[in-house]
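Engineer: Mind looking over this structure? Questions follow.
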Amino acid sequence: MKLHIVDHPLIAHKLTMMRDKNCNSKNFRELCGEIASLMTYEVTRDWPLEPVEIETPLEKMTGSRLAGEVTIIPILRAGLGLLNGVLRMVPHAHVGHIGLYRDPVTHEPHEYYCGLPKQMDAKCIVVDPMLATGGSAAAAITMLKKHGLKNITLMVLVAAPQGVELVNKEHPDVEIYTAALDRELNDKAYILPGLGDAGDRVFGTL
Ligand code: PRP
Ligand code: URA
């Protein structure tokens, strides 16, 4: 199973603040971005570097830079809450968007938007705060693969075991990074203990 639980103390601290029902949208958004930045540090840990010749104020040297292109793909809407946090760490990344919403009754994902950059060899990070049934993430990754993207990583804040299992089953090549693996889903397919409806909390549409 390609699951990484990024259990850094700062992430655990900030995620607990987000889970609190009294955390307002402003703080929720800020914490989302901060955790996304911290998680990017782990997601990129094994990324290849290439040599680059530069001159310091004192002499020439061979430094390092990230090799290849990077694309960040938030799943709309709630994934937008993570986007800037990742971009802060990888500012040269391209950004694609996938629009999906869950049917409130069947919990099946429905596509309403797909806008992707052309860099097919880019390393892609799909970002979404919640991996619940896994339907949205699995559908988003299928869409990316249909467009020719190959090197895909999924970054979420809170995952349910069902979501991890589905993504692993449908996309065994995709590594999943999560800040927490929660207990279960309720009968409306919300994660328990979770943090509620992430999109509504990011955008204040509760
Ligand atoms: C939420 C969340 C994920 C999805 C997770 O989005 O941001 O995309 O649900 O659930 P799943 O794993 O069962 O598919 P939602 O459909 O509520 O849309 P929103 O981001 O526009 O609020
Ligand atoms: N989507 C959310 O925003 N929260 C959940 O707990 C499950 C799906």
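Every chain in the structure tokens takes a letter, A first, then B, and so on in the order presented; its residues are numbered from 1, and the ligands are numbered from 1 following the presented order.
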Can you build me a table of chain A residues sitting at most 7 Å from ligand 2, with the closest atom pair per residue and its distance in Å to one decimal, using only C-alpha atoms and all ligand atoms, sorted by chain and residue number, as CSV?

Structural biologist:
```
residue,atom,partner,partner_atom_place_in_ligand_line,distance
A:Met130,CA,ligand 2,2 (C),5.6
A:Leu131,CA,ligand 2,8 (C),6.8
A:Ala132,CA,ligand 2,7 (C),4.9
A:Ala189,CA,ligand 2,7 (C),5.9
A:Tyr190,CA,ligand 2,6 (O),3.4
A:Ile191,CA,ligand 2,6 (O),3.8
A:Leu192,CA,ligand 2,6 (O),6.9
A:Gly194,CA,ligand 2,6 (O),5.5
A:Leu195,CA,ligand 2,6 (O),6.3
A:Gly196,CA,ligand 2,4 (N),4.9
A:Asp197,CA,ligand 2,3 (O),3.4
A:Ala198,CA,ligand 2,3 (O),3.9
A:Gly199,CA,ligand 2,3 (O),5.7
```

Engineer: Once you have the residues from the selection above, write them out as a PDB file, in the first residue's frame, restricted to N, CA, C and O atoms.

Structural biologist:
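Generated file (part.pdb):
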```pdb
ATOM      1  N   MET A 130     -10.086  16.190   1.480  1.00  0.00           N
ATOM      2  CA  MET A 130     -10.797  15.015   1.990  1.00  0.00           C
ATOM      3  C   MET A 130     -10.733  13.835   1.017  1.00  0.00           C
ATOM      4  O   MET A 130     -11.017  13.979  -0.172  1.00  0.00           O
ATOM      5  N   LEU A 131     -10.387  12.660   1.556  1.00  0.00           N
ATOM      6  CA  LEU A 131     -10.479  11.404   0.797  1.00  0.00           C
ATOM      7  C   LEU A 131     -11.473  10.535   1.564  1.00  0.00           C
ATOM      8  O   LEU A 131     -11.104   9.886   2.550  1.00  0.00           O
ATOM      9  N   ALA A 132     -12.741  10.570   1.146  1.00  0.00           N
ATOM     10  CA  ALA A 132     -13.801   9.906   1.913  1.00  0.00           C
ATOM     11  C   ALA A 132     -14.101   8.533   1.301  1.00  0.00           C
ATOM     12  O   ALA A 132     -13.452   7.543   1.645  1.00  0.00           O
ATOM     13  N   ALA A 189     -21.569   9.444   4.156  1.00  0.00           N
ATOM     14  CA  ALA A 189     -20.212   9.347   3.587  1.00  0.00           C
ATOM     15  C   ALA A 189     -19.328  10.511   3.997  1.00  0.00           C
ATOM     16  O   ALA A 189     -18.437  10.920   3.248  1.00  0.00           O
ATOM     17  N   TYR A 190     -19.574  11.073   5.186  1.00  0.00           N
ATOM     18  CA  TYR A 190     -18.650  12.048   5.773  1.00  0.00           C
ATOM     19  C   TYR A 190     -17.660  11.303   6.659  1.00  0.00           C
ATOM     20  O   TYR A 190     -18.014  10.311   7.317  1.00  0.00           O
ATOM     21  N   ILE A 191     -16.440  11.820   6.700  1.00  0.00           N
ATOM     22  CA  ILE A 191     -15.383  11.161   7.470  1.00  0.00           C
ATOM     23  C   ILE A 191     -15.570  11.446   8.965  1.00  0.00           C
ATOM     24  O   ILE A 191     -15.842  12.589   9.358  1.00  0.00           O
ATOM     25  N   LEU A 192     -15.402  10.388   9.796  1.00  0.00           N
ATOM     26  CA  LEU A 192     -15.457  10.511  11.251  1.00  0.00           C
ATOM     27  C   LEU A 192     -14.081  10.189  11.836  1.00  0.00           C
ATOM     28  O   LEU A 192     -13.500   9.177  11.441  1.00  0.00           O
ATOM     29  N   GLY A 194     -13.141  13.359  11.278  1.00  0.00           N
ATOM     30  CA  GLY A 194     -13.137  14.278  10.136  1.00  0.00           C
ATOM     31  C   GLY A 194     -13.027  15.741  10.519  1.00  0.00           C
ATOM     32  O   GLY A 194     -12.540  16.099  11.603  1.00  0.00           O
ATOM     33  N   LEU A 195     -13.489  16.577   9.607  1.00  0.00           N
ATOM     34  CA  LEU A 195     -13.536  18.012   9.902  1.00  0.00           C
ATOM     35  C   LEU A 195     -14.746  18.652   9.242  1.00  0.00           C
ATOM     36  O   LEU A 195     -14.804  19.867   9.083  1.00  0.00           O
ATOM     37  N   GLY A 196     -15.731  17.826   8.889  1.00  0.00           N
ATOM     38  CA  GLY A 196     -16.958  18.370   8.291  1.00  0.00           C
ATOM     39  C   GLY A 196     -16.816  18.547   6.796  1.00  0.00           C
ATOM     40  O   GLY A 196     -16.006  17.877   6.144  1.00  0.00           O
ATOM     41  N   ASP A 197     -17.618  19.456   6.251  1.00  0.00           N
ATOM     42  CA  ASP A 197     -17.596  19.710   4.811  1.00  0.00           C
ATOM     43  C   ASP A 197     -16.481  20.708   4.504  1.00  0.00           C
ATOM     44  O   ASP A 197     -16.595  21.906   4.797  1.00  0.00           O
ATOM     45  N   ALA A 198     -15.406  20.197   3.935  1.00  0.00           N
ATOM     46  CA  ALA A 198     -14.208  21.029   3.757  1.00  0.00           C
ATOM     47  C   ALA A 198     -14.480  22.221   2.832  1.00  0.00           C
ATOM     48  O   ALA A 198     -14.045  23.338   3.122  1.00  0.00           O
ATOM     49  N   GLY A 199     -15.201  21.987   1.729  1.00  0.00           N
ATOM     50  CA  GLY A 199     -15.483  23.088   0.793  1.00  0.00           C
ATOM     51  C   GLY A 199     -16.270  24.194   1.480  1.00  0.00           C
ATOM     52  O   GLY A 199     -15.954  25.378   1.342  1.00  0.00           O
TER      53      GLY A 199
END
```

Engineer: Check every protein, DNA and RNA residue against ligand 1, keep those with an atom at most 7 Å away (counting only C-alpha atoms and all ligand atoms), and present them as a ChimeraX atom specification.

Structural biologist: /A:75-79,100-102,107-109,128-137,163,189,197-200

Engineer: Counting only C-alpha atoms, what is within 9 Å of Cys32 in chain A, bar same-chain residues fewer than 6 positions away, as a ChimeraX atom specification?

Structural biologist: /A:14-15,18,81-82,85,129,157,202

Engineer: Residues of the last selection are to be written out with N, CA, C and O atoms, as a PDB file, in the first residue's frame.

Structural biologist:
```
ATOM      1  N   LYS A  14      -1.835  21.700  13.871  1.00  0.00           N
ATOM      2  CA  LYS A  14      -2.654  22.562  13.005  1.00  0.00           C
ATOM      3  C   LYS A  14      -3.925  21.842  12.549  1.00  0.00           C
ATOM      4  O   LYS A  14      -4.998  22.449  12.444  1.00  0.00           O
ATOM      5  N   LEU A  15      -3.823  20.540  12.300  1.00  0.00           N
ATOM      6  CA  LEU A  15      -5.004  19.802  11.858  1.00  0.00           C
ATOM      7  C   LEU A  15      -6.054  19.749  12.977  1.00  0.00           C
ATOM      8  O   LEU A  15      -7.250  19.861  12.713  1.00  0.00           O
ATOM      9  N   MET A  18      -7.952  22.855  12.908  1.00  0.00           N
ATOM     10  CA  MET A  18      -8.927  22.864  11.801  1.00  0.00           C
ATOM     11  C   MET A  18     -10.154  22.022  12.111  1.00  0.00           C
ATOM     12  O   MET A  18     -11.266  22.335  11.684  1.00  0.00           O
ATOM     13  N   GLY A  81      -8.223  25.215  -1.401  1.00  0.00           N
ATOM     14  CA  GLY A  81      -7.705  25.590  -0.088  1.00  0.00           C
ATOM     15  C   GLY A  81      -6.266  25.151   0.132  1.00  0.00           C
ATOM     16  O   GLY A  81      -5.571  25.711   0.980  1.00  0.00           O
ATOM     17  N   LEU A  82      -5.813  24.150  -0.603  1.00  0.00           N
ATOM     18  CA  LEU A  82      -4.441  23.652  -0.449  1.00  0.00           C
ATOM     19  C   LEU A  82      -3.478  24.249  -1.474  1.00  0.00           C
ATOM     20  O   LEU A  82      -2.262  24.196  -1.302  1.00  0.00           O
ATOM     21  N   GLY A  85      -0.688  26.893  -0.621  1.00  0.00           N
ATOM     22  CA  GLY A  85       0.320  26.328   0.280  1.00  0.00           C
ATOM     23  C   GLY A  85       1.348  25.511  -0.480  1.00  0.00           C
ATOM     24  O   GLY A  85       2.547  25.536  -0.171  1.00  0.00           O
ATOM     25  N   PRO A 129      -8.631  18.334   0.333  1.00  0.00           N
ATOM     26  CA  PRO A 129      -8.508  18.077   1.775  1.00  0.00           C
ATOM     27  C   PRO A 129      -9.049  16.709   2.196  1.00  0.00           C
ATOM     28  O   PRO A 129      -8.559  16.134   3.165  1.00  0.00           O
ATOM     29  N   LEU A 157      -5.661  15.944   3.382  1.00  0.00           N
ATOM     30  CA  LEU A 157      -5.442  16.212   4.810  1.00  0.00           C
ATOM     31  C   LEU A 157      -6.002  15.085   5.666  1.00  0.00           C
ATOM     32  O   LEU A 157      -5.371  14.655   6.628  1.00  0.00           O
ATOM     33  N   VAL A 202     -13.914  26.048   3.884  1.00  0.00           N
ATOM     34  CA  VAL A 202     -12.935  26.915   3.207  1.00  0.00           C
ATOM     35  C   VAL A 202     -13.615  28.182   2.701  1.00  0.00           C
ATOM     36  O   VAL A 202     -13.075  29.282   2.821  1.00  0.00           O
TER      37      VAL A 202
END
```

Engineer: Of the candidates A:Val86, A:Ile141, A:Leu166, A:Ile98, which one gets nearest to Thr40 in chain A if we count only C-alpha atoms?

Structural biologist: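 Selected residue with least distance to Thr40 in chain A: A:Val86.
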
Engineer: Using DSSP on the backbone coordinates, identify the residues of range 68-110 of chain A assigned to alpha helix (DSSP H); present them as a ChimeraX atom specification.

Structural biologist: /A:80-89

Engineer: Quick one: write out the picked residues with C-alpha atoms as a short mmCIF file (atom, residue, chain, number, x, y, z; two decimals), in the first residue's frame?

Structural biologist:
```cif
data_model
loop_
_atom_site.label_atom_id
_atom_site.label_comp_id
_atom_site.auth_asym_id
_atom_site.auth_seq_id
_atom_site.Cartn_x
_atom_site.Cartn_y
_atom_site.Cartn_z
CA LEU A 80 -8.27 25.27 -3.83
CA GLY A 81 -7.70 25.59 -0.09
CA LEU A 82 -4.44 23.65 -0.45
CA LEU A 83 -3.22 25.17 -3.71
CA ASN A 84 -1.40 28.27 -2.47
CA GLY A 85 0.32 26.33 0.28
CA VAL A 86 1.84 23.98 -2.30
CA LEU A 87 2.65 26.86 -4.68
CA ARG A 88 4.53 28.64 -1.91
CA MET A 89 6.96 25.70 -1.88
#
```

Engineer: Just the strand (DSSP E) stuff from range 153-184 of chain A, please, per backbone DSSP, written as a PyMOL selection string.

Structural biologist: chain A and resi 153-159+175-181+184

Engineer: Export all heavy atoms of the chosen residues as a JSON list (two decimals), in the first residue's frame?

Structural biologist:
```
[["chain", "number", "residue", "atom", "x", "y", "z"],
["A", 153, "THR", "N", 0.73, 11.98, -7.81],
["A", 153, "THR", "CA", 0.72, 11.80, -6.36],
["A", 153, "THR", "C", -0.55, 12.46, -5.83],
["A", 153, "THR", "O", -0.97, 13.50, -6.35],
["A", 153, "THR", "CB", 1.95, 12.49, -5.72],
["A", 153, "THR", "OG1", 3.13, 11.91, -6.26],
["A", 153, "THR", "CG2", 1.96, 12.35, -4.22],
["A", 154, "LEU", "N", -1.16, 11.87, -4.82],
["A", 154, "LEU", "CA", -2.37, 12.44, -4.21],
["A", 154, "LEU", "C", -2.03, 12.97, -2.83],
["A", 154, "LEU", "O", -1.47, 12.23, -2.00],
["A", 154, "LEU", "CB", -3.46, 11.36, -4.12],
["A", 154, "LEU", "CG", -4.76, 11.74, -3.42],
["A", 154, "LEU", "CD1", -5.50, 12.86, -4.18],
["A", 154, "LEU", "CD2", -5.67, 10.51, -3.28],
["A", 155, "MET", "N", -2.38, 14.25, -2.57],
["A", 155, "MET", "CA", -2.16, 14.84, -1.25],
["A", 155, "MET", "C", -3.51, 15.23, -0.64],
["A", 155, "MET", "O", -4.26, 15.99, -1.25],
["A", 155, "MET", "CB", -1.29, 16.10, -1.36],
["A", 155, "MET", "CG", -1.07, 16.78, -0.01],
["A", 155, "MET", "SD", -0.56, 18.51, -0.15],
["A", 155, "MET", "CE", 1.08, 18.36, -0.75],
["A", 156, "VAL", "N", -3.81, 14.67, 0.54],
["A", 156, "VAL", "CA", -5.06, 15.02, 1.24],
["A", 156, "VAL", "C", -4.71, 15.33, 2.70],
["A", 156, "VAL", "O", -3.62, 15.00, 3.18],
["A", 156, "VAL", "CB", -6.10, 13.87, 1.17],
["A", 156, "VAL", "CG1", -6.43, 13.54, -0.27],
["A", 156, "VAL", "CG2", -5.64, 12.62, 1.91],
["A", 157, "LEU", "N", -5.66, 15.94, 3.38],
["A", 157, "LEU", "CA", -5.44, 16.21, 4.81],
["A", 157, "LEU", "C", -6.00, 15.08, 5.67],
["A", 157, "LEU", "O", -5.37, 14.65, 6.63],
["A", 157, "LEU", "CB", -6.10, 17.54, 5.22],
["A", 157, "LEU", "CG", -5.62, 18.80, 4.50],
["A", 157, "LEU", "CD1", -6.20, 20.04, 5.16],
["A", 157, "LEU", "CD2", -4.10, 18.87, 4.48],
["A", 158, "VAL", "N", -7.22, 14.65, 5.34],
["A", 158, "VAL", "CA", -7.88, 13.60, 6.13],
["A", 158, "VAL", "C", -8.36, 12.50, 5.19],
["A", 158, "VAL", "O", -9.07, 12.80, 4.22],
["A", 158, "VAL", "CB", -9.07, 14.17, 6.92],
["A", 158, "VAL", "CG1", -9.71, 13.08, 7.78],
["A", 158, "VAL", "CG2", -8.65, 15.34, 7.80],
["A", 159, "ALA", "N", -7.99, 11.26, 5.50],
["A", 159, "ALA", "CA", -8.39, 10.13, 4.66],
["A", 159, "ALA", "C", -9.19, 9.13, 5.49],
["A", 159, "ALA", "O", -8.94, 8.96, 6.69],
["A", 159, "ALA", "CB", -7.16, 9.44, 4.08],
["A", 175, "GLU", "N", 0.91, 7.28, -5.23],
["A", 175, "GLU", "CA", 1.20, 7.36, -3.79],
["A", 175, "GLU", "C", 0.26, 8.37, -3.15],
["A", 175, "GLU", "O", -0.02, 9.42, -3.73],
["A", 175, "GLU", "CB", 2.65, 7.79, -3.59],
["A", 175, "GLU", "CG", 3.61, 6.85, -4.30],
["A", 175, "GLU", "CD", 4.92, 6.69, -3.57],
["A", 175, "GLU", "OE1", 5.06, 7.18, -2.44],
["A", 175, "GLU", "OE2", 5.81, 6.07, -4.17],
["A", 176, "ILE", "N", -0.22, 8.02, -1.96],
["A", 176, "ILE", "CA", -1.16, 8.89, -1.24],
["A", 176, "ILE", "C", -0.45, 9.45, -0.01],
["A", 176, "ILE", "O", 0.13, 8.68, 0.78],
["A", 176, "ILE", "CB", -2.40, 8.10, -0.77],
["A", 176, "ILE", "CG1", -3.09, 7.41, -1.94],
["A", 176, "ILE", "CG2", -3.37, 9.02, -0.02],
["A", 176, "ILE", "CD1", -4.20, 6.44, -1.51],
["A", 177, "TYR", "N", -0.50, 10.77, 0.14],
["A", 177, "TYR", "CA", 0.03, 11.42, 1.35],
["A", 177, "TYR", "C", -1.15, 12.02, 2.10],
["A", 177, "TYR", "O", -1.95, 12.76, 1.52],
["A", 177, "TYR", "CB", 1.01, 12.53, 0.98],
["A", 177, "TYR", "CG", 2.34, 12.02, 0.51],
["A", 177, "TYR", "CD1", 2.48, 11.51, -0.78],
["A", 177, "TYR", "CD2", 3.45, 12.01, 1.35],
["A", 177, "TYR", "CE1", 3.70, 11.01, -1.22],
["A", 177, "TYR", "CE2", 4.67, 11.51, 0.92],
["A", 177, "TYR", "CZ", 4.79, 11.02, -0.36],
["A", 177, "TYR", "OH", 5.99, 10.52, -0.78],
["A", 178, "THR", "N", -1.27, 11.69, 3.38],
["A", 178, "THR", "CA", -2.34, 12.27, 4.18],
["A", 178, "THR", "C", -1.78, 12.72, 5.53],
["A", 178, "THR", "O", -0.82, 12.13, 6.04],
["A", 178, "THR", "CB", -3.50, 11.26, 4.38],
["A", 178, "THR", "OG1", -4.57, 11.91, 5.06],
["A", 178, "THR", "CG2", -3.08, 10.03, 5.18],
["A", 179, "ALA", "N", -2.42, 13.76, 6.09],
["A", 179, "ALA", "CA", -2.00, 14.21, 7.43],
["A", 179, "ALA", "C", -2.61, 13.32, 8.50],
["A", 179, "ALA", "O", -2.09, 13.26, 9.61],
["A", 179, "ALA", "CB", -2.42, 15.67, 7.63],
["A", 180, "ALA", "N", -3.73, 12.66, 8.18],
["A", 180, "ALA", "CA", -4.37, 11.77, 9.18],
["A", 180, "ALA", "C", -5.18, 10.71, 8.47],
["A", 180, "ALA", "O", -5.79, 10.96, 7.43],
["A", 180, "ALA", "CB", -5.29, 12.59, 10.08],
["A", 181, "LEU", "N", -5.17, 9.51, 9.08],
["A", 181, "LEU", "CA", -6.05, 8.42, 8.61],
["A", 181, "LEU", "C", -7.13, 8.26, 9.68],
["A", 181, "LEU", "O", -6.84, 7.82, 10.80],
["A", 181, "LEU", "CB", -5.25, 7.13, 8.44],
["A", 181, "LEU", "CG", -6.03, 5.92, 7.94],
["A", 181, "LEU", "CD1", -6.61, 6.17, 6.55],
["A", 181, "LEU", "CD2", -5.12, 4.69, 7.91],
["A", 184, "GLU", "N", -13.64, 6.13, 10.06],
["A", 184, "GLU", "CA", -14.69, 5.54, 9.20],
["A", 184, "GLU", "C", -15.52, 6.64, 8.54],
["A", 184, "GLU", "O", -15.30, 7.82, 8.80],
["A", 184, "GLU", "CB", -15.62, 4.66, 10.05],
["A", 184, "GLU", "CG", -16.33, 5.44, 11.15],
["A", 184, "GLU", "CD", -17.16, 4.55, 12.07],
["A", 184, "GLU", "OE1", -17.41, 3.39, 11.71],
["A", 184, "GLU", "OE2", -17.57, 5.04, 13.13]]
```

Engineer: So what do you get for CA of Ala36 in chain A versus CA of Asp7 in chain A, distance-wise?

Structural biologist: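 Going from CA of Ala36 in chain A over to CA of Asp7 in chain A covers 13.0 Å.
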
Engineer: Of the candidates A:Asp20, A:Gly148, A:Ala67, A:Pro161, which one gets nearest to Asp46 in chain A if we count only C-alpha atoms?

Structural biologist: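 Ranked by minimum distance to Asp46 in chain A, first place goes to A:Ala67.
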
Engineer: Counting only C-alpha atoms, which of A:Pro74, A:Gly33, A:Gly68, A:Gly63 gets nearest to His97 in chain A?

Structural biologist: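 Residue with the minimum atom-to-atom distance to His97 in chain A: A:Pro74.
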
Engineer: Can you tell me which residues surround range 47-58 of chain A at a distance of at most 12 Å, considering only C-alpha atoms, apart from same-chain residues fewer than 5 positions away, and format the answer as a list in words?

Structural biologist: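 What passes the distance filter is Thr40, Tyr41, Glu42, Gly63, Ser64, Arg65, Leu66, Ala67, Gly68, Glu69, Val70, Val90, Ala122, Lys123, Cys124, Asn151 and Thr153 of chain A.
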
Engineer: For the residues in the current selection, export N, CA, C and O atoms as a CSV table (one decimal), in the first residue's frame.

Structural biologist:
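Contents of the output file selection.csv:
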```
chain,number,residue,atom,x,y,z
A,40,THR,N,4.1,19.4,1.5
A,40,THR,CA,4.8,19.4,0.2
A,40,THR,C,6.3,19.1,0.5
A,40,THR,O,6.9,18.4,-0.4
A,41,TYR,N,6.8,19.4,1.6
A,41,TYR,CA,8.1,19.1,2.0
A,41,TYR,C,8.3,17.5,2.0
A,41,TYR,O,9.4,17.1,1.5
A,42,GLU,N,7.4,16.8,2.4
A,42,GLU,CA,7.4,15.3,2.4
A,42,GLU,C,7.2,14.8,1.0
A,42,GLU,O,7.9,13.8,0.6
A,63,GLY,N,25.3,24.3,-8.4
A,63,GLY,CA,24.2,24.1,-7.4
A,63,GLY,C,23.2,23.0,-7.9
A,63,GLY,O,23.5,22.2,-8.8
A,64,SER,N,22.1,23.0,-7.3
A,64,SER,CA,21.0,22.0,-7.7
A,64,SER,C,19.7,22.7,-7.9
A,64,SER,O,19.4,23.7,-7.2
A,65,ARG,N,18.9,22.1,-8.8
A,65,ARG,CA,17.6,22.6,-8.9
A,65,ARG,C,16.7,21.4,-9.2
A,65,ARG,O,17.2,20.4,-9.7
A,66,LEU,N,15.4,21.6,-8.9
A,66,LEU,CA,14.4,20.5,-9.2
A,66,LEU,C,14.4,20.2,-10.7
A,66,LEU,O,14.4,21.1,-11.5
A,67,ALA,N,14.5,18.9,-11.0
A,67,ALA,CA,14.5,18.5,-12.5
A,67,ALA,C,13.1,18.3,-13.0
A,67,ALA,O,12.2,17.8,-12.2
A,68,GLY,N,12.8,18.8,-14.1
A,68,GLY,CA,11.5,18.5,-14.8
A,68,GLY,C,10.4,19.5,-14.3
A,68,GLY,O,10.6,20.3,-13.4
A,69,GLU,N,9.2,19.3,-15.0
A,69,GLU,CA,8.1,20.2,-14.7
A,69,GLU,C,7.2,19.6,-13.6
A,69,GLU,O,7.2,18.4,-13.3
A,70,VAL,N,6.4,20.5,-13.0
A,70,VAL,CA,5.5,20.1,-11.9
A,70,VAL,C,4.2,20.7,-12.2
A,70,VAL,O,4.1,21.9,-12.6
A,90,VAL,N,6.6,25.3,-4.3
A,90,VAL,CA,7.0,25.0,-5.6
A,90,VAL,C,6.4,26.1,-6.6
A,90,VAL,O,5.5,25.8,-7.4
A,122,ALA,N,5.1,16.1,-16.6
A,122,ALA,CA,5.2,16.8,-15.3
A,122,ALA,C,4.9,15.8,-14.2
A,122,ALA,O,4.1,14.9,-14.4
A,123,LYS,N,5.5,16.1,-13.1
A,123,LYS,CA,5.1,15.4,-11.8
A,123,LYS,C,3.9,16.1,-11.3
A,123,LYS,O,3.9,17.3,-11.2
A,124,CYS,N,2.8,15.3,-11.1
A,124,CYS,CA,1.5,15.9,-10.8
A,124,CYS,C,1.2,15.7,-9.3
A,124,CYS,O,1.3,14.5,-8.8
A,151,ASN,N,2.7,10.7,-14.0
A,151,ASN,CA,3.4,10.7,-12.7
A,151,ASN,C,2.6,11.4,-11.6
A,151,ASN,O,2.7,12.6,-11.4
A,153,THR,N,0.7,12.0,-7.8
A,153,THR,CA,0.7,11.8,-6.4
A,153,THR,C,-0.6,12.5,-5.8
A,153,THR,O,-1.0,13.5,-6.3
```

Engineer: Just how far from CA of Ala138 in chain A is CA of Arg183 in chain A, in Å to one decimal?

Structural biologist: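 Calculated distance between CA of Arg183 in chain A and CA of Ala138 in chain A is 20.0 Å.
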